[in-house]
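Content type compact mmCIF, C-alpha atoms and all ligand atoms, from the file target_32.txt:
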# COMPACT_ATOMS: atom_id res chain seq x y z
CA MET A 1 0.00 0.00 0.00
CA PRO A 2 1.13 3.61 -0.44
CA GLY A 3 3.30 4.92 2.35
CA SER A 4 4.89 1.57 3.12
CA ARG A 5 8.46 2.83 2.47
CA VAL A 6 10.39 3.32 5.69
CA VAL A 7 11.65 6.81 6.51
CA GLU A 8 14.37 7.01 9.17
CA LEU A 9 14.14 10.00 11.48
CA ASP A 10 17.92 10.26 11.81
CA ALA A 11 18.32 10.55 8.04
CA LEU A 12 15.58 13.18 7.86
CA ARG A 13 16.78 15.24 10.83
CA PRO A 14 19.15 17.60 8.94
CA ARG A 15 16.34 18.62 6.57
CA LEU A 16 13.93 19.09 9.48
CA GLU A 17 16.47 21.41 11.10
CA GLN A 18 16.77 23.34 7.82
CA VAL A 19 12.99 23.78 7.78
CA VAL A 20 13.06 25.25 11.30
CA GLU A 21 15.74 27.74 10.23
CA PHE A 22 13.97 28.61 7.00
CA ALA A 23 10.61 29.06 8.78
CA ALA A 24 12.33 31.34 11.32
CA ARG A 25 13.66 33.52 8.49
CA GLN A 26 10.29 33.69 6.73
CA VAL A 27 8.25 34.49 9.84
CA ARG A 28 10.82 37.02 11.06
CA SER A 29 10.72 38.79 7.72
CA THR A 30 6.89 38.84 7.73
CA ILE A 31 6.98 40.37 11.23
CA GLU A 32 9.44 43.04 10.06
CA ARG A 33 7.65 43.78 6.80
CA LEU A 34 4.07 43.60 8.08
CA PRO A 35 4.08 44.37 11.82
CA ASP A 36 1.01 43.14 13.73
CA PHE A 37 -0.48 41.62 10.59
CA PHE A 38 -1.99 38.12 10.70
CA PRO A 39 -1.62 36.44 7.28
CA ILE A 40 -4.13 33.89 5.95
CA TYR A 41 -3.03 32.94 2.43
CA THR A 42 -0.63 34.23 -0.19
CA VAL A 43 -1.36 35.60 -3.65
CA ASP A 44 1.58 34.84 -5.97
CA GLY A 45 3.59 34.07 -2.84
CA ARG A 46 2.80 37.38 -1.05
CA TRP A 47 0.94 37.54 2.26
CA SER A 48 -0.43 41.07 1.97
CA HIS A 49 -3.23 41.51 -0.58
CA GLN A 50 -6.84 42.58 -0.90
CA GLY A 51 -8.22 39.06 -1.37
CA GLU A 52 -11.30 37.94 0.55
CA LEU A 53 -10.57 36.29 3.94
CA TRP A 54 -13.79 34.26 3.94
CA THR A 55 -13.43 34.26 7.72
CA ASP A 56 -10.84 35.54 10.20
CA TRP A 57 -9.57 32.33 11.76
CA CYS A 58 -5.78 32.16 11.39
CA GLY A 59 -4.26 34.48 14.03
CA GLY A 60 -3.24 31.55 16.24
CA PHE A 61 -1.14 30.03 13.46
CA HIS A 62 1.17 33.02 12.92
CA ALA A 63 1.59 33.57 16.67
CA GLY A 64 1.75 29.79 17.18
CA MET A 65 4.79 29.55 14.90
CA MET A 66 6.50 32.12 17.13
CA TRP A 67 5.74 29.97 20.19
CA ILE A 68 7.22 26.92 18.45
CA GLN A 69 10.36 28.87 17.55
CA ALA A 70 10.59 30.17 21.13
CA GLU A 71 10.29 26.63 22.51
CA LEU A 72 12.77 25.12 20.03
CA THR A 73 15.42 27.82 20.30
CA GLY A 74 14.93 29.38 23.74
CA ASP A 75 15.59 32.70 22.00
CA PRO A 76 14.07 35.62 23.98
CA TRP A 77 13.38 37.52 20.73
CA TRP A 78 10.91 34.80 19.71
CA ARG A 79 9.40 34.69 23.17
CA ALA A 80 8.78 38.45 23.14
CA ARG A 81 7.22 38.30 19.66
CA ALA A 82 5.08 35.27 20.64
CA GLU A 83 3.73 37.10 23.70
CA HIS A 84 3.12 40.30 21.75
CA TYR A 85 1.20 38.62 18.92
CA SER A 86 -0.75 36.46 21.39
CA LYS A 87 -1.84 39.56 23.30
CA LEU A 88 -3.19 41.00 20.05
CA LEU A 89 -5.56 38.01 19.95
CA GLU A 90 -6.75 38.17 23.57
CA HIS A 91 -10.03 39.95 22.79
CA ARG A 92 -11.03 37.03 20.57
CA GLN A 93 -11.83 35.01 23.74
CA PHE A 94 -15.27 36.65 23.49
CA ASP A 95 -15.63 36.29 19.69
CA ARG A 96 -19.00 34.72 18.90
CA ASP A 97 -18.66 35.04 15.11
CA VAL A 98 -16.25 32.15 14.48
CA HIS A 99 -16.02 28.47 15.39
CA ASP A 100 -12.20 28.73 15.45
CA LEU A 101 -11.37 29.61 19.05
CA GLY A 102 -9.39 26.40 19.49
CA PHE A 103 -7.17 27.28 16.54
CA ILE A 104 -6.64 30.75 17.99
CA PHE A 105 -6.04 29.97 21.67
CA LEU A 106 -4.68 26.41 21.89
CA ASN A 107 -1.69 27.45 19.76
CA THR A 108 -0.98 30.65 21.74
CA TYR A 109 -2.35 30.95 25.26
CA LEU A 110 -1.89 27.23 25.94
CA PRO A 111 1.89 27.22 25.27
CA TRP A 112 2.12 30.57 27.08
CA HIS A 113 0.33 29.13 30.11
CA ARG A 114 2.49 26.00 29.95
CA ALA A 115 5.61 28.19 30.00
CA THR A 116 4.53 30.38 32.93
CA GLY A 117 1.68 28.79 34.88
CA ASP A 118 0.12 32.27 34.96
CA GLU A 119 -3.50 32.01 36.19
CA ARG A 120 -4.62 34.92 34.04
CA LEU A 121 -3.70 32.99 30.88
CA ARG A 122 -5.64 29.95 32.09
CA HIS A 123 -8.69 32.17 32.51
CA VAL A 124 -8.41 33.40 28.92
CA LEU A 125 -8.35 29.78 27.73
CA ILE A 126 -11.36 28.90 29.87
CA GLN A 127 -13.28 31.93 28.61
CA ALA A 128 -12.51 31.00 25.00
CA GLY A 129 -13.88 27.49 25.72
CA ARG A 130 -17.02 28.94 27.29
CA THR A 131 -17.53 31.28 24.33
CA LEU A 132 -17.19 28.44 21.81
CA ALA A 133 -19.70 26.38 23.82
CA LEU A 134 -22.29 29.13 23.24
CA ARG A 135 -22.49 27.89 19.64
CA PHE A 136 -24.20 24.71 20.85
CA ASN A 137 -27.51 23.87 19.19
CA PRO A 138 -29.34 21.74 21.80
CA LYS A 139 -31.83 20.21 19.36
CA GLY A 140 -29.23 19.06 16.81
CA ARG A 141 -26.58 18.60 19.55
CA TYR A 142 -23.72 20.23 17.62
CA LEU A 143 -21.62 23.42 17.66
CA ARG A 144 -22.79 25.51 14.72
CA SER A 145 -20.27 26.61 12.09
CA PHE A 146 -19.66 30.25 11.29
CA VAL A 147 -21.78 30.17 8.14
CA ALA A 148 -25.30 29.44 9.50
CA PRO A 149 -27.18 28.06 12.53
CA GLU A 150 -28.16 24.89 10.63
CA SER A 151 -24.54 24.13 9.64
CA LEU A 152 -22.02 21.79 11.30
CA PHE A 153 -18.45 21.70 9.95
CA ILE A 154 -15.89 18.89 10.32
CA ASP A 155 -13.32 21.67 11.04
CA VAL A 156 -14.92 22.23 14.46
CA MET A 157 -13.34 18.94 15.61
CA MET A 158 -10.03 20.83 15.86
CA ASN A 159 -11.65 23.49 18.07
CA VAL A 160 -13.80 21.42 20.42
CA PRO A 161 -10.67 20.51 22.50
CA ILE A 162 -10.77 24.02 23.99
CA ILE A 163 -14.18 23.18 25.48
CA TYR A 164 -12.71 19.96 26.92
CA TYR A 165 -9.90 22.07 28.34
CA ALA A 166 -12.37 24.50 29.93
CA ALA A 167 -14.47 21.60 31.25
CA ARG A 168 -11.44 19.96 32.82
CA GLU A 169 -10.10 23.15 34.36
CA THR A 170 -13.45 24.27 35.79
CA GLY A 171 -15.07 20.89 36.49
CA ASP A 172 -18.20 22.27 34.79
CA PRO A 173 -20.22 19.21 33.62
CA ALA A 174 -22.31 21.30 31.21
CA LEU A 175 -19.20 22.12 29.17
CA ARG A 176 -18.16 18.46 29.07
CA GLU A 177 -21.64 17.44 27.97
CA ILE A 178 -21.61 19.94 25.10
CA ALA A 179 -18.19 18.78 23.90
CA ASP A 180 -19.16 15.09 24.11
CA ALA A 181 -22.47 15.71 22.32
CA HIS A 182 -20.71 17.57 19.51
CA CYS A 183 -18.24 14.71 18.99
CA ARG A 184 -20.97 12.08 18.92
CA THR A 185 -23.11 14.09 16.47
CA THR A 186 -20.11 14.68 14.21
CA GLU A 187 -19.34 10.96 14.34
CA ARG A 188 -22.94 10.13 13.41
CA VAL A 189 -23.43 12.56 10.55
CA LEU A 190 -20.03 13.55 9.12
CA VAL A 191 -17.74 10.54 9.63
CA ARG A 192 -18.67 7.93 7.07
CA PRO A 193 -18.39 4.17 7.65
CA ASP A 194 -15.32 3.97 5.36
CA GLY A 195 -13.47 6.59 7.46
CA SER A 196 -13.87 9.48 5.01
CA THR A 197 -15.65 12.64 6.14
CA ALA A 198 -18.19 15.10 4.82
CA HIS A 199 -17.27 18.78 5.17
CA GLU A 200 -20.67 20.00 6.37
CA GLY A 201 -23.91 18.66 7.80
CA ILE A 202 -27.20 20.56 7.43
CA PHE A 203 -29.87 20.24 10.13
CA ASP A 204 -33.56 21.06 10.47
CA LEU A 205 -33.58 23.86 13.03
CA ASP A 206 -37.15 23.09 14.18
CA THR A 207 -36.65 19.42 14.92
CA GLY A 208 -32.84 19.08 15.15
CA ALA A 209 -32.96 16.29 12.57
CA PHE A 210 -29.94 15.81 10.30
CA LEU A 211 -30.95 16.53 6.70
CA ARG A 212 -27.95 16.08 4.41
CA GLU A 213 -24.22 16.29 3.74
CA SER A 214 -22.95 19.47 2.11
CA THR A 215 -19.66 21.24 1.38
CA HIS A 216 -18.03 24.60 0.77
CA GLN A 217 -14.41 23.67 0.07
CA GLY A 218 -14.76 20.07 -1.09
CA LEU A 219 -15.50 18.91 -4.61
CA ARG A 220 -19.02 17.66 -3.82
CA ALA A 221 -21.21 17.04 -0.79
CA ASP A 222 -20.40 13.32 -0.95
CA SER A 223 -16.70 13.62 -1.85
CA ALA A 224 -13.61 13.32 0.37
CA TRP A 225 -12.24 16.85 0.96
CA THR A 226 -8.80 15.96 2.27
CA ARG A 227 -8.27 18.87 4.67
CA GLY A 228 -11.56 18.09 6.39
CA LEU A 229 -10.42 14.48 6.72
CA ALA A 230 -7.13 15.65 8.26
CA TRP A 231 -9.02 17.94 10.67
CA SER A 232 -11.07 14.94 11.78
CA LEU A 233 -8.04 12.65 12.15
CA TYR A 234 -6.16 15.20 14.24
CA GLY A 235 -9.26 16.50 16.06
CA TYR A 236 -10.46 13.10 17.32
CA THR A 237 -6.89 12.23 18.32
CA THR A 238 -6.72 15.37 20.49
CA VAL A 239 -10.20 14.75 21.87
CA TYR A 240 -9.05 11.24 22.87
CA SER A 241 -6.28 12.82 24.95
CA TYR A 242 -9.04 14.49 27.03
CA THR A 243 -11.68 11.73 27.07
CA GLY A 244 -9.70 8.48 26.92
CA ASP A 245 -12.80 7.19 25.08
CA PRO A 246 -11.85 4.35 22.69
CA ALA A 247 -14.61 5.57 20.33
CA ASP A 248 -12.63 8.77 19.70
CA LEU A 249 -9.41 6.87 19.03
CA ALA A 250 -11.23 4.46 16.72
CA ILE A 251 -12.56 7.34 14.60
CA ALA A 252 -9.12 8.90 14.28
CA ARG A 253 -7.77 5.53 13.18
CA ARG A 254 -10.52 5.08 10.60
CA ASN A 255 -9.74 8.56 9.24
CA ALA A 256 -6.03 7.75 9.13
CA ASP A 257 -6.51 4.42 7.39
CA TYR A 258 -8.76 6.00 4.77
CA TYR A 259 -6.24 8.81 4.22
CA LEU A 260 -3.33 6.40 3.83
CA ALA A 261 -5.25 4.07 1.52
CA ARG A 262 -6.15 6.86 -0.93
CA CYS A 263 -2.95 8.91 -0.92
CA PRO A 264 -0.19 8.70 -3.53
CA ALA A 265 3.20 7.38 -2.38
CA SER A 266 4.23 10.86 -1.20
CA LEU A 267 1.28 10.80 1.26
CA VAL A 268 0.59 14.41 0.24
CA PRO A 269 -3.00 14.39 -1.01
CA PRO A 270 -4.86 16.30 -3.70
CA TRP A 271 -7.29 18.88 -2.25
CA ASP A 272 -10.09 16.36 -2.66
CA PHE A 273 -9.54 12.65 -3.25
CA ASP A 274 -12.42 12.61 -5.74
CA VAL A 275 -11.12 15.27 -8.12
CA PRO A 276 -10.65 13.46 -11.46
CA ASP A 277 -7.18 13.20 -12.99
CA GLY A 278 -6.43 16.41 -14.91
CA PRO A 279 -5.41 20.02 -14.27
CA GLU A 280 -7.81 20.48 -11.32
CA ARG A 281 -6.28 17.60 -9.34
CA ILE A 282 -3.65 19.69 -7.55
CA ASP A 283 -2.13 19.01 -4.14
CA ASP A 284 -3.16 20.56 -0.86
CA SER A 285 0.13 20.47 1.04
CA SER A 286 -1.66 21.89 4.10
CA ALA A 287 -3.79 18.75 4.35
CA GLY A 288 -0.53 16.78 4.31
CA ALA A 289 0.99 18.98 7.03
CA ILE A 290 -2.08 18.59 9.28
CA ALA A 291 -2.08 14.84 8.69
CA ALA A 292 1.66 14.63 9.50
CA SER A 293 1.16 16.34 12.84
CA GLY A 294 -2.04 14.41 13.63
CA LEU A 295 -0.51 11.06 12.68
CA TRP A 296 2.42 11.76 14.98
CA ASP A 297 0.05 12.21 17.92
CA LEU A 298 -2.09 9.27 16.81
CA ALA A 299 1.01 7.06 16.88
CA LEU A 300 1.70 8.16 20.46
CA ALA A 301 -1.92 7.46 21.41
CA CYS A 302 -1.77 3.95 19.87
CA GLU A 303 1.68 3.07 21.29
CA PRO A 304 0.55 1.59 24.64
CA GLY A 305 -2.06 -0.73 23.11
CA ASP A 306 -0.62 -1.45 19.69
CA PRO A 307 3.04 -0.61 19.02
CA THR A 308 2.90 -2.06 15.50
CA ILE A 309 0.08 0.25 14.46
CA ALA A 310 1.86 3.12 16.22
CA ALA A 311 5.02 2.47 14.17
CA ARG A 312 2.95 2.51 10.98
CA TYR A 313 1.37 5.89 11.78
CA ARG A 314 4.70 7.35 12.88
CA ASN A 315 6.32 6.21 9.65
CA ALA A 316 3.43 7.74 7.69
CA SER A 317 3.99 11.04 9.48
CA LEU A 318 7.71 10.93 8.65
CA THR A 319 6.92 10.00 5.04
CA ILE A 320 4.79 13.14 4.68
CA LEU A 321 7.57 15.24 6.21
CA ASP A 322 10.11 13.63 3.91
CA SER A 323 7.91 14.67 0.96
CA LEU A 324 7.26 18.21 2.23
CA CYS A 325 10.88 18.95 3.27
CA SER A 326 11.93 19.03 -0.37
CA ASP A 327 12.43 21.56 -3.14
CA ALA A 328 9.06 20.52 -4.54
CA TYR A 329 7.16 21.93 -1.54
CA THR A 330 9.44 24.00 0.70
CA ALA A 331 9.98 27.47 -0.76
CA TRP A 332 13.65 27.79 0.25
CA ASN A 333 14.82 28.14 -3.36
CA ASP A 334 12.39 30.92 -4.26
CA PRO A 335 13.66 34.26 -2.88
CA ASP A 336 10.40 36.04 -3.85
CA TRP A 337 8.11 33.64 -2.00
CA GLU A 338 7.08 34.83 1.48
CA GLY A 339 5.66 31.55 2.79
CA VAL A 340 7.39 28.35 3.89
CA LEU A 341 5.25 25.66 2.29
CA LYS A 342 4.08 25.93 -1.31
CA HIS A 343 1.13 24.18 -2.96
CA GLY A 344 -1.61 24.67 -0.40
CA VAL A 345 -5.26 25.27 -1.24
CA TYR A 346 -7.66 27.40 0.79
CA HIS A 347 -10.94 27.56 -1.16
CA TYR A 348 -10.79 26.06 -4.64
CA HIS A 349 -14.26 27.16 -5.76
CA LYS A 350 -13.84 30.76 -4.62
CA LYS A 351 -10.31 30.76 -6.10
CA LEU A 352 -8.82 31.86 -2.76
CA GLY A 353 -5.30 30.66 -2.00
CA VAL A 354 -5.16 28.04 -4.75
CA ASP A 355 -1.65 26.59 -5.14
CA GLU A 356 -0.34 29.08 -2.59
CA SER A 357 1.04 29.16 0.95
CA VAL A 358 -1.72 29.02 3.57
CA MET A 359 -1.19 29.93 7.20
CA TRP A 360 -2.38 26.63 8.71
CA GLY A 361 -0.12 24.74 6.31
CA GLU A 362 2.80 26.81 7.60
CA PHE A 363 1.89 26.18 11.23
CA PHE A 364 1.14 22.45 11.11
CA PHE A 365 4.23 21.80 8.97
CA LEU A 366 6.43 23.47 11.58
CA GLU A 367 4.51 21.80 14.41
CA ALA A 368 5.00 18.34 12.87
CA VAL A 369 8.69 19.06 12.24
CA ALA A 370 9.10 20.18 15.86
CA LYS A 371 7.40 17.03 17.17
CA ALA A 372 9.76 14.84 15.15
CA LEU A 373 12.83 16.82 16.22
CA ARG A 374 11.88 16.51 19.90
CA ALA A 375 11.62 12.70 19.62
CA ASP A 376 14.47 10.60 21.02
N1 LIG A 401 -11.75 27.08 7.56
C1 LIG A 401 -11.00 25.93 7.75
C2 LIG A 401 -10.37 25.42 6.51
O1 LIG A 401 -10.32 26.13 5.50
O2 LIG A 401 -9.92 24.31 6.53
Re-express the file's structure as C-alpha cells.
Ligand code: GLY
Amino acid sequence: MPGSRVVELDALRPRLEQVVEFAARQVRSTIERLPDFFPIYTVDGRWSHQGELWTDWCGGFHAGMMWIQAELTGDPWWRARAEHYSKLLEHRQFDRDVHDLGFIFLNTYLPWHRATGDERLRHVLIQAGRTLALRFNPKGRYLRSFVAPESLFIDVMMNVPIIYYAARETGDPALREIADAHCRTTERVLVRPDGSTAHEGIFDLDTGAFLRESTHQGLRADSAWTRGLAWSLYGYTTVYSYTGDPADLAIARRNADYYLARCPASLVPPWDFDVPDGPERIDDSSAGAIAASGLWDLALACEPGDPTIAARYRNASLTILDSLCSDAYTAWNDPDWEGVLKHGVYHYHKKLGVDESVMWGEFFFLEAVAKALRAD
C-alpha cells in the first residue's frame, strides 16, 4: 500500500532542522515587513493583498509559529514576539462570530500558560472554551459553524478541544456534555463508515434532525475533501487525549486508514480525493501537514495498546515530512516567495489561496517538524 516505504528519522533530521531555520527567516521577515499583521493565504507568494478572507480564523497560526520557535530555540526575541502577537488576539476570547477559538487559543495561550503557569492565561483559555460552547444547538446537539445556525463543519473537531480544556479546568459538567455531544453528532453525521468525512452537515432547526451532507471547500457534498479528513483525524486524536474514550481513538484511526489508503506514495494528497485526474487535481500540502502532525500524535496514542500500528502511523507522518521537506514543496529556493510551504489550497471554488502558501499549512508543517525533532 502507499506509504509503506520506511523513513528514518535520523536521516531526515538535517532537513527538518533546515525547515526550522527557513521558517524562522520567513516568519521574522513577515513580522518586520508587516508588523502586527496576521496572514491567511498568499497571492503569488505574497501575504499582503486585498483578497477575501472568507473568515478571520488564522491568528493563532502566525503567533503559534512564534511559540514553536521560542520553545525550540529558547531565543528571547521569539518569546517576546510570541507574547506580543498572542496579546493581540486576547479579545477574541469573546468572539462569537467564528467556530475557530481552538485554533486561535490552543496554539498561543496554551503554550504561554504551559511556560509560565500564569493564572490569568488559564482564565483566557477557559473563557474561549465557554464562548465556543455558546455555539451549541441543543436540538441538533452540535456546535454551529460560522456560516449558519443549521450548519455543522468537520473543522470544528479541531476546536472542540478548547471546550474539553475549559471543562477539565473548571469541572463544569455542562461544558463536558456539550463537547461530548458535539463529537458524537459529528461521528454520526459527518464521519462515514469507510473513514472518510463530509465537510458540512445541514440540520432542520425546528426538529434538530440531520438533513444532508454538504460542502463549501470540497469537490461535492459526498466527496472526500482531504483537509476536512485531516481535521477529523487530528481532532479526534486530540479529543481522545481528554476523554480516553476508545470511540474517539477508533474514529481517528478510521480517518487515518482511509487517508493512507487513498494517498499517492508521497502521502501528500490532492485537495479532494475525488477530483478526477487532470489540471484540477492539484495538491493541498496543508492537508498533508495537518495529517503529518495528527498522525504523529495518533502514533503516540496507539503506542501503549498497539506498538505495530503506532510504528505505521509514525512512519506515515515521517513520510509526509520527507515529501514536504523538499524543493518541490518547501519554498527555500524561491527568494520572492514569502511563505514556507508551497502548494496549499484554501478555497478552490472561490479561487482563494489556490496553489499558494496558507497559514495553517505553515503552522502544522512546523509543528510536525518540531514534534519529530523533539523525539528521542
Ligand atoms: N476554515 C478551515 C479550513 O479552511 O480548513
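Remark: for Trp296 of chain A, the closest of the candidate residues A:Leu324, A:Asp222, A:Gly60, A:Leu233 is A:Leu233 (distances computed over all atoms listed in the file).
Considering all atoms listed in the file, the residue among A:Glu187, A:Glu83, A:Glu338, A:Asp155 positioned nearest to Phe103 of chain A is A:Asp155.
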Worksheet entry | ligand LIG 401 (chain A) neighbours within 10 Å using all atoms listed in the file, as a PyMOL selection string | chain A and resi 40+53-58+98-100+103+145-146+153-156+158+199+216-218+225-231+286-287+345-347+358+360-361
Could you please take those selected residues and save C-alpha atoms as a short mmCIF file (atom, residue, chain, number, x, y, z; two decimals), keeping the file's coordinate frame?
data_model
loop_
_atom_site.label_atom_id
_atom_site.label_comp_id
_atom_site.auth_asym_id
_atom_site.auth_seq_id
_atom_site.Cartn_x
_atom_site.Cartn_y
_atom_site.Cartn_z
CA ILE A 40 -4.13 33.89 5.95
CA LEU A 53 -10.57 36.29 3.94
CA TRP A 54 -13.79 34.26 3.94
CA THR A 55 -13.43 34.26 7.72
CA ASP A 56 -10.84 35.54 10.20
CA TRP A 57 -9.57 32.33 11.76
CA CYS A 58 -5.78 32.16 11.39
CA VAL A 98 -16.25 32.15 14.48
CA HIS A 99 -16.02 28.47 15.39
CA ASP A 100 -12.20 28.73 15.45
CA PHE A 103 -7.17 27.28 16.54
CA SER A 145 -20.27 26.61 12.09
CA PHE A 146 -19.66 30.25 11.29
CA PHE A 153 -18.45 21.70 9.95
CA ILE A 154 -15.89 18.89 10.32
CA ASP A 155 -13.32 21.67 11.04
CA VAL A 156 -14.92 22.23 14.46
CA MET A 158 -10.03 20.83 15.86
CA HIS A 199 -17.27 18.78 5.17
CA HIS A 216 -18.03 24.60 0.77
CA GLN A 217 -14.41 23.67 0.07
CA GLY A 218 -14.76 20.07 -1.09
CA TRP A 225 -12.24 16.85 0.96
CA THR A 226 -8.80 15.96 2.27
CA ARG A 227 -8.27 18.87 4.67
CA GLY A 228 -11.56 18.09 6.39
CA LEU A 229 -10.42 14.48 6.72
CA ALA A 230 -7.13 15.65 8.26
CA TRP A 231 -9.02 17.94 10.67
CA SER A 286 -1.66 21.89 4.10
CA ALA A 287 -3.79 18.75 4.35
CA VAL A 345 -5.26 25.27 -1.24
CA TYR A 346 -7.66 27.40 0.79
CA HIS A 347 -10.94 27.56 -1.16
CA VAL A 358 -1.72 29.02 3.57
CA TRP A 360 -2.38 26.63 8.71
CA GLY A 361 -0.12 24.74 6.31
#
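Nearest residue to Thr330 of chain A, choosing from A:Ala133, A:Leu366, A:Ile68, A:Ala265 and counting all atoms listed in the file: A:Leu366.
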Response to the item:
The residue from A:Leu260, A:Met65, A:Leu16, A:Ala128 with the smallest atom-to-atom distance to Phe364 of chain A, counting all atoms listed in the file, is A:Met65
Discussion item. Please report the interatomic distance between atom CA of Leu298 of chain A and atom CA of Ala174 of chain A in Å with one decimal.
Written reply: 27.6 Å
Item to complete: Find the residues near Ser241 of chain A: any atom within 12 Å, counting only C-alpha atoms, skip ones fewer than 3 places away on the same chain, and give them as a list of chain:residue names.
Response: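 Result of the neighbour search: A:Pro161, A:Tyr164, A:Tyr165, A:Arg168, A:Tyr234, A:Gly235, A:Tyr236, A:Thr237, A:Thr238, A:Gly244, A:Asp245, A:Pro246, A:Ala247, A:Asp248, A:Leu249, A:Ala252, A:Asp297, A:Leu298, A:Leu300, A:Ala301, A:Cys302.
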Item to complete: Would you list the residues near (7.6, 19.4, 7.3) (no more than 7 Å away, in the coordinates of the file, using all atoms listed in the file) as JSON, numbers by chain?
Response: {"A": [16, 19, 289, 321, 324, 325, 365, 366, 368, 369]}
Please produce a file of the residues just selected, as a JSON list (two decimals), in the coordinates of the input, where the atoms kept are C-alpha atoms.
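See result.json below for the written result:
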[["chain", "number", "residue", "atom", "x", "y", "z"],
["A", 16, "LEU", "CA", 13.93, 19.09, 9.48],
["A", 19, "VAL", "CA", 12.99, 23.78, 7.78],
["A", 289, "ALA", "CA", 0.99, 18.98, 7.03],
["A", 321, "LEU", "CA", 7.57, 15.24, 6.21],
["A", 324, "LEU", "CA", 7.26, 18.21, 2.23],
["A", 325, "CYS", "CA", 10.88, 18.95, 3.27],
["A", 365, "PHE", "CA", 4.23, 21.80, 8.97],
["A", 366, "LEU", "CA", 6.43, 23.47, 11.58],
["A", 368, "ALA", "CA", 5.00, 18.34, 12.87],
["A", 369, "VAL", "CA", 8.69, 19.06, 12.24]]
Practice prompt. Grab the atom CA of Gly45 of chain A to atom CA of Lys87 of chain A distance for me, in Å with one decimal place.
Written response: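 One can read the atom CA of Gly45 of chain A to atom CA of Lys87 of chain A distance as 27.3 Å.
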Reconstruct segment 333-350 of chain A at the level of N, CA and C atoms, and format the result as a compact mmCIF listing (two decimals), keeping the file's coordinate frame.
# COMPACT_ATOMS: atom_id res chain seq x y z
N ASN A 333 14.06 27.73 -2.16
CA ASN A 333 14.82 28.14 -3.36
C ASN A 333 14.16 29.28 -4.12
N ASP A 334 13.11 29.86 -3.55
CA ASP A 334 12.39 30.92 -4.26
C ASP A 334 12.46 32.20 -3.43
N PRO A 335 13.44 33.09 -3.74
CA PRO A 335 13.66 34.26 -2.88
C PRO A 335 12.46 35.22 -2.84
N ASP A 336 11.55 35.12 -3.82
CA ASP A 336 10.40 36.04 -3.85
C ASP A 336 9.19 35.50 -3.10
N TRP A 337 9.27 34.27 -2.65
CA TRP A 337 8.11 33.64 -2.00
C TRP A 337 8.16 33.92 -0.50
N GLU A 338 7.06 34.42 0.06
CA GLU A 338 7.08 34.83 1.48
C GLU A 338 6.68 33.71 2.44
N GLY A 339 6.06 32.66 1.93
CA GLY A 339 5.66 31.55 2.79
C GLY A 339 6.76 30.51 2.92
N VAL A 340 6.46 29.46 3.70
CA VAL A 340 7.39 28.35 3.89
C VAL A 340 7.02 27.19 2.96
N LEU A 341 5.73 26.86 2.98
CA LEU A 341 5.25 25.66 2.29
C LEU A 341 4.40 26.06 1.08
N LYS A 342 4.84 25.65 -0.08
CA LYS A 342 4.08 25.93 -1.31
C LYS A 342 2.98 24.88 -1.50
N HIS A 343 2.12 25.16 -2.47
CA HIS A 343 1.13 24.18 -2.96
C HIS A 343 0.03 23.83 -1.95
N GLY A 344 -0.41 24.85 -1.21
CA GLY A 344 -1.61 24.67 -0.40
C GLY A 344 -2.83 25.16 -1.16
N VAL A 345 -4.00 24.80 -0.65
CA VAL A 345 -5.26 25.27 -1.24
C VAL A 345 -6.17 25.72 -0.10
N TYR A 346 -6.69 26.93 -0.21
CA TYR A 346 -7.66 27.40 0.79
C TYR A 346 -9.08 27.05 0.32
N HIS A 347 -9.55 27.75 -0.72
CA HIS A 347 -10.94 27.56 -1.16
C HIS A 347 -10.92 27.48 -2.68
N TYR A 348 -10.96 26.25 -3.19
CA TYR A 348 -10.79 26.06 -4.64
C TYR A 348 -11.89 26.76 -5.43
N HIS A 349 -13.13 26.63 -4.98
CA HIS A 349 -14.26 27.16 -5.76
C HIS A 349 -14.27 28.69 -5.78
N LYS A 350 -13.89 29.30 -4.66
CA LYS A 350 -13.84 30.76 -4.62
C LYS A 350 -12.53 31.30 -5.20
